[in-house]
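The structure appears below as structure tokens.
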Amino acid sequence: MSVPPASAAPPPSEGTSAPAGAAGGGTRPSGGAADVSGALGPPGASGPPGPADSSGSTDPTGPTDPPDPTDPAEAAARASRSLQGLSTELTARVPQLLEAMRSVGAGLELHTTLNRICETAAKLTNARYAAIGVVAEDGEGLADFVSFGIDEATAERIGHLPDGHRGLLGALIHQPETLCLADLSTDPRSCGFPAHHPPMRTFLGVPIRVQGEIFGNLYLTEKRTGADPGEAAEFNDYDMHMVRVLATEAGIAIGNARLYEAAKQRERWIDGSVAVTTALLSGSDAEDALAVVAEQARHLADSAAGIVLLPDDEGGMEIVAVSSDEPNGALGVTVPPESRIIADLLDGQAVFIDDAATDPRIMTDLARGYGPVMMLPLQSDGRVLGTLVTPRARGGRPFTEVERTLATQFASQAALALMMAEAQRDRERLAVYEDRDRIARDLHDLVIQRLFATGMMLESAQRRSVVPEVVKGVGKAVDELDVTIQEIRTAIFALQQGPAEAPSGLRTRVLREINMAAVPLGFKPSHRFLGPVDTVVGEHTGKNLIAALREALSNAFRHAGADRIDVVVDATHVLPDGRQGVRLTVADNGVGITEGGRRSGLRNLKRRAESLGGSSWYGPGIGEDGGGTTVVWQAPH
């Protein structure tokens, strides 16, 4: 049985009308109970009656001041008048509907809200199954599908979720109207069910609108009678009107949840931008700065990798920084200038790809292993410094418009921070050069001149002396002064040259990672160094230790929920095979590692250590009764 669209009114005998504002969304108006009852009430009950005395008769003396709509007593009286004329069944179900509406709006997390809407709608209509299909941004198919009533084992046997490209679900996307069927298999638009899918006959579908736009559809199937839960029944007009009102409330709850989620998402991107800016302006070299940008972008975009490319001498771009859980050999790969994507990026245009594996513009085999990709120019003040790439795995969720906007803003902020960091390094180098010039001038104008004058005085004394030993000794002193003058002149020449920029020490880089992690964590981890960290730990081991520290702190922020983290770098550690090594320990008092949780980061730490001849493991943390996690990473110097 197919019923009219949601805007059609029921027969007069039912004494009800379609719920007011069923297509609306946004913030719920005040006086919710009165509004709902008015939506379900008879047409004659919607307007306020004329002035009446206590017996309900019209006051013959003439009009009086209109009643105050904010008065609680008047609101209750208006709700009571609205319920007059409703059928007994519908009147009895109004409290149930109001409770359902209260339950639907009781949270802010979007996916939890969708689950609660499904469960509430199923209980309200005595349906065995309920689901919400979230329409994709382009209006073609479903971006998400949330269900109630099907257990996990059955869902696993069914396999992939509906995509909304065909069947009844696809029809409701393109024709968002209320649809009620006694047997959905008889509808010509039905395309059947996949293997292992439970049988479904009765069907009720209602569109959900958020701020006037279609968000998705609420589906209900297999209605049961109240007396016998095993006995099937058909959805009736009362169910339809109840679910319409619930869909209106669901639209409001979903709108609020989306606003909350968008605010939290923006907060995360802002924190990431602050962390990047802090790291870049803390004095890191260019290589470390680009690695920080790639790492932060990967986590914020929830992508499989974070990649930074810089223009090369041939007109293309070279990958100079990569952040990824899995080694992919991307570092050093170049993209030729013949690529249309490179031309767009160098022109300052962002490029968004739905599937890198099939996009004809992709010219590198490396990208064929990814799905959705964002390619964002790192530009500031009209200057393109490079490109930030955040690819997701094949089959991954496409990037939303909000994510694209936030990522573009992050790339602009990162580019500005890179330029500021570059300017800061230039100022620091200029200050060093100026100081070297001053020292060189002082050495030349003061020290050398005094040494030269001293040498002349000694030579004069040598000529006047008649004692051979004195003559010999003075001559030797003059020769030493000449050698000293030559050495000082060599030093002056070296001071006037532009020395290569020395890399930051390991201690400085560790402190920089801790300061960067303090922004998203909300507190600064404690730290302790043992031994001569800067002098005994080699550059290659030091870089891998920094990467391990970054991964451990990132895991603690994303999964631990800790309020205390201790970092120890011990350069005096002796490895089990007797070699001198360095040990990194990161301990927290969080929730610890749950059973069945992801361990890709820990496996990456272990591979990194083993590639250097070291090892890595984890154990109990520093919380009460061993709560939390301690990650240990060690490798030879």
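Ligands are numbered from 1 in the order shown, chains are lettered A, B, ... in the order of the structure tokens, and residues start at 1 in each chain.
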Selection near stretch 348-365 of chain A, 8 Å with only C-alpha atoms, sequence-local residues under 3 positions removed, as a CSV table (one decimal) with all heavy atoms, in the first residue's frame:
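Writing done, so here's around_39.csv:
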chain,number,residue,atom,x,y,z
A,335,VAL,N,57.4,13.9,-9.2
A,335,VAL,CA,56.2,14.0,-10.2
A,335,VAL,C,56.6,14.9,-11.3
A,335,VAL,O,57.0,16.0,-11.1
A,335,VAL,CB,55.0,14.6,-9.5
A,335,VAL,CG1,53.8,14.5,-10.4
A,335,VAL,CG2,54.7,13.8,-8.2
A,336,PRO,N,56.6,14.4,-12.5
A,336,PRO,CA,57.1,15.2,-13.7
A,336,PRO,C,56.2,16.4,-14.0
A,336,PRO,O,55.0,16.5,-13.6
A,336,PRO,CB,57.0,14.2,-14.9
A,336,PRO,CG,55.9,13.2,-14.4
A,336,PRO,CD,56.0,13.1,-13.0
A,339,SER,N,52.6,16.6,-15.7
A,339,SER,CA,51.3,16.3,-15.1
A,339,SER,C,50.4,17.5,-15.0
A,339,SER,O,50.9,18.6,-14.6
A,339,SER,CB,51.6,15.8,-13.7
A,339,SER,OG,50.4,15.7,-12.9
A,340,ARG,N,49.1,17.4,-15.4
A,340,ARG,CA,48.2,18.5,-15.3
A,340,ARG,C,48.0,18.9,-13.8
A,340,ARG,O,47.7,20.1,-13.6
A,340,ARG,CB,46.9,18.1,-15.9
A,340,ARG,CG,46.9,18.0,-17.4
A,340,ARG,CD,45.5,17.6,-18.0
A,340,ARG,NE,45.1,16.3,-17.6
A,340,ARG,CZ,43.9,15.8,-17.7
A,340,ARG,NH1,42.9,16.6,-18.2
A,340,ARG,NH2,43.6,14.6,-17.4
A,341,ILE,N,48.1,17.9,-12.9
A,341,ILE,CA,47.9,18.3,-11.5
A,341,ILE,C,49.0,19.2,-11.0
A,341,ILE,O,48.7,20.2,-10.3
A,341,ILE,CB,47.9,17.0,-10.7
A,341,ILE,CG1,46.6,16.1,-11.0
A,341,ILE,CG2,47.9,17.3,-9.2
A,341,ILE,CD1,46.6,14.8,-10.3
A,344,ASP,N,48.3,22.8,-12.0
A,344,ASP,CA,47.2,23.4,-11.2
A,344,ASP,C,47.8,23.8,-9.8
A,344,ASP,O,47.5,24.8,-9.3
A,344,ASP,CB,46.1,22.4,-11.1
A,344,ASP,CG,45.3,22.2,-12.4
A,344,ASP,OD1,45.4,23.1,-13.2
A,344,ASP,OD2,44.6,21.2,-12.5
A,345,LEU,N,48.6,22.9,-9.2
A,345,LEU,CA,49.1,23.1,-7.9
A,345,LEU,C,50.1,24.3,-7.9
A,345,LEU,O,50.1,25.2,-7.0
A,345,LEU,CB,49.8,21.9,-7.4
A,345,LEU,CG,48.9,20.7,-7.1
A,345,LEU,CD1,49.7,19.4,-6.7
A,345,LEU,CD2,48.0,21.0,-5.9
A,368,ARG,N,48.6,5.0,-7.0
A,368,ARG,CA,47.6,4.0,-7.4
A,368,ARG,C,47.1,3.1,-6.2
A,368,ARG,O,46.0,2.5,-6.4
A,368,ARG,CB,48.2,3.0,-8.5
A,368,ARG,CG,48.6,3.7,-9.8
A,368,ARG,CD,47.5,4.4,-10.5
A,368,ARG,NE,47.9,5.1,-11.7
A,368,ARG,CZ,47.1,5.8,-12.4
A,368,ARG,NH1,45.9,6.0,-12.1
A,368,ARG,NH2,47.6,6.5,-13.5
A,369,GLY,N,47.8,3.2,-5.1
A,369,GLY,CA,47.3,2.4,-4.0
A,369,GLY,C,46.4,3.2,-3.1
A,369,GLY,O,46.0,2.6,-2.0
A,370,TYR,N,46.0,4.4,-3.5
A,370,TYR,CA,45.1,5.2,-2.6
A,370,TYR,C,43.8,5.4,-3.3
A,370,TYR,O,43.6,5.2,-4.5
A,370,TYR,CB,45.8,6.5,-2.3
A,370,TYR,CG,47.1,6.4,-1.5
A,370,TYR,CD1,48.3,6.8,-2.0
A,370,TYR,CD2,47.0,6.0,-0.2
A,370,TYR,CE1,49.5,6.6,-1.3
A,370,TYR,CE2,48.2,5.9,0.6
A,370,TYR,CZ,49.4,6.2,0.0
A,370,TYR,OH,50.6,6.1,0.8
A,371,GLY,N,42.8,5.9,-2.4
A,371,GLY,CA,41.5,6.3,-2.9
A,371,GLY,C,41.3,7.8,-3.0
A,371,GLY,O,41.9,8.5,-3.8
A,372,PRO,N,40.5,8.3,-2.1
A,372,PRO,CA,40.3,9.8,-2.1
A,372,PRO,C,41.6,10.5,-1.7
A,372,PRO,O,42.3,10.1,-0.8
A,372,PRO,CB,39.2,10.0,-1.0
A,372,PRO,CG,38.5,8.7,-0.9
A,372,PRO,CD,39.5,7.6,-1.2
A,373,VAL,N,41.8,11.6,-2.4
A,373,VAL,CA,43.1,12.4,-2.1
A,373,VAL,C,42.8,13.9,-2.1
A,373,VAL,O,42.0,14.3,-3.0
A,373,VAL,CB,44.1,12.1,-3.2
A,373,VAL,CG1,45.4,12.8,-2.9
A,373,VAL,CG2,44.5,10.6,-3.2
A,374,MET,N,43.4,14.6,-1.2
A,374,MET,CA,43.4,16.0,-1.2
A,374,MET,C,44.8,16.5,-1.5
A,374,MET,O,45.7,16.1,-0.8
A,374,MET,CB,42.9,16.6,0.1
A,374,MET,CG,41.5,16.5,0.5
A,374,MET,SD,40.9,17.4,1.9
A,374,MET,CE,41.8,16.7,3.2
A,375,MET,N,45.0,17.4,-2.5
A,375,MET,CA,46.2,18.0,-2.8
A,375,MET,C,46.1,19.5,-2.7
A,375,MET,O,45.4,20.1,-3.4
A,375,MET,CB,46.7,17.6,-4.3
A,375,MET,CG,46.9,16.1,-4.5
A,375,MET,SD,47.5,15.8,-6.2
A,375,MET,CE,47.6,14.0,-6.1
A,376,LEU,N,46.8,20.0,-1.7
A,376,LEU,CA,46.6,21.4,-1.3
A,376,LEU,C,47.9,22.2,-1.5
A,376,LEU,O,48.9,21.8,-0.9
A,376,LEU,CB,46.1,21.5,0.1
A,376,LEU,CG,44.9,20.6,0.5
A,376,LEU,CD1,44.8,20.5,2.0
A,376,LEU,CD2,43.7,21.1,-0.2
A,377,PRO,N,47.8,23.3,-2.2
A,377,PRO,CA,49.1,24.1,-2.3
A,377,PRO,C,49.4,24.8,-1.0
A,377,PRO,O,48.6,25.4,-0.3
A,377,PRO,CB,48.7,25.1,-3.4
A,377,PRO,CG,47.2,25.2,-3.4
A,377,PRO,CD,46.7,23.9,-2.9
A,379,GLN,N,50.7,27.8,0.0
A,379,GLN,CA,50.9,29.1,-0.5
A,379,GLN,C,50.6,30.2,0.5
A,379,GLN,O,49.7,30.1,1.3
A,379,GLN,CB,50.1,29.3,-1.8
A,379,GLN,CG,48.6,29.3,-1.7
A,379,GLN,CD,47.9,29.6,-3.0
A,379,GLN,OE1,48.5,30.2,-3.8
A,379,GLN,NE2,46.6,29.2,-3.1
A,382,GLY,N,50.7,34.8,-2.3
A,382,GLY,CA,50.9,34.6,-3.7
A,382,GLY,C,52.0,33.7,-4.0
A,382,GLY,O,52.3,33.4,-5.2
A,384,VAL,N,53.8,30.0,-3.9
A,384,VAL,CA,53.6,28.6,-3.7
A,384,VAL,C,54.9,28.0,-3.2
A,384,VAL,O,55.9,27.9,-3.9
A,384,VAL,CB,53.1,27.9,-4.9
A,384,VAL,CG1,52.9,26.4,-4.7
A,384,VAL,CG2,51.8,28.6,-5.4
A,394,ARG,N,42.3,3.0,-0.4
A,394,ARG,CA,41.3,2.6,-1.4
A,394,ARG,C,40.0,2.2,-0.7
A,394,ARG,O,40.0,1.4,0.2
A,394,ARG,CB,41.8,1.6,-2.4
A,394,ARG,CG,42.9,2.0,-3.3
A,394,ARG,CD,43.0,1.1,-4.5
A,394,ARG,NE,41.9,1.2,-5.3
A,394,ARG,CZ,41.7,0.5,-6.5
A,394,ARG,NH1,42.6,-0.3,-6.8
A,394,ARG,NH2,40.6,0.7,-7.2
A,398,PRO,N,35.0,9.3,1.3
A,398,PRO,CA,35.4,10.6,0.6
A,398,PRO,C,35.5,11.7,1.6
A,398,PRO,O,34.9,11.8,2.6
A,398,PRO,CB,34.3,10.8,-0.4
A,398,PRO,CG,33.6,9.4,-0.5
A,398,PRO,CD,33.7,8.8,0.8
A,408,THR,N,42.2,23.1,3.6
A,408,THR,CA,42.7,24.2,2.8
A,408,THR,C,43.2,25.3,3.7
A,408,THR,O,44.3,25.9,3.5
A,408,THR,CB,41.6,24.7,1.8
A,408,THR,OG1,41.2,23.6,1.0
A,408,THR,CG2,42.2,25.8,1.0
Selection: 10 Å around A:Val243, only C-alpha atoms, excl. self and same-chain fewer than 3 positions, as a PyMOL selection string = chain A and resi 19+22+97+120-122+124-125+178+204-207+218-220+237-240+246-250
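Checking A:Ala552, A:Ile158, A:Ala609, A:Val582 one by one against A:Thr630, counting only C-alpha atoms, you find the shortest gap at A:Ala552.
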Residues within 12 Å of A:Arg558, only C-alpha atoms, excluding chain neighbours under 3 positions, as a list in words =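 Contacts, in chain order: Arg268, His299, Leu300, Asp302, Ala517, Pro520, Leu521, Glu551, Ala552, Leu553, Ser554, Asn555, Gly561, Ala562, Gly590, Val591, Gly592, Ile593, Arg598 and Gly601 of chain A.
Reported to one decimal place, the separation of atom CA of A:Trp633 from atom CA of A:Lys606 is 7.7 Å.
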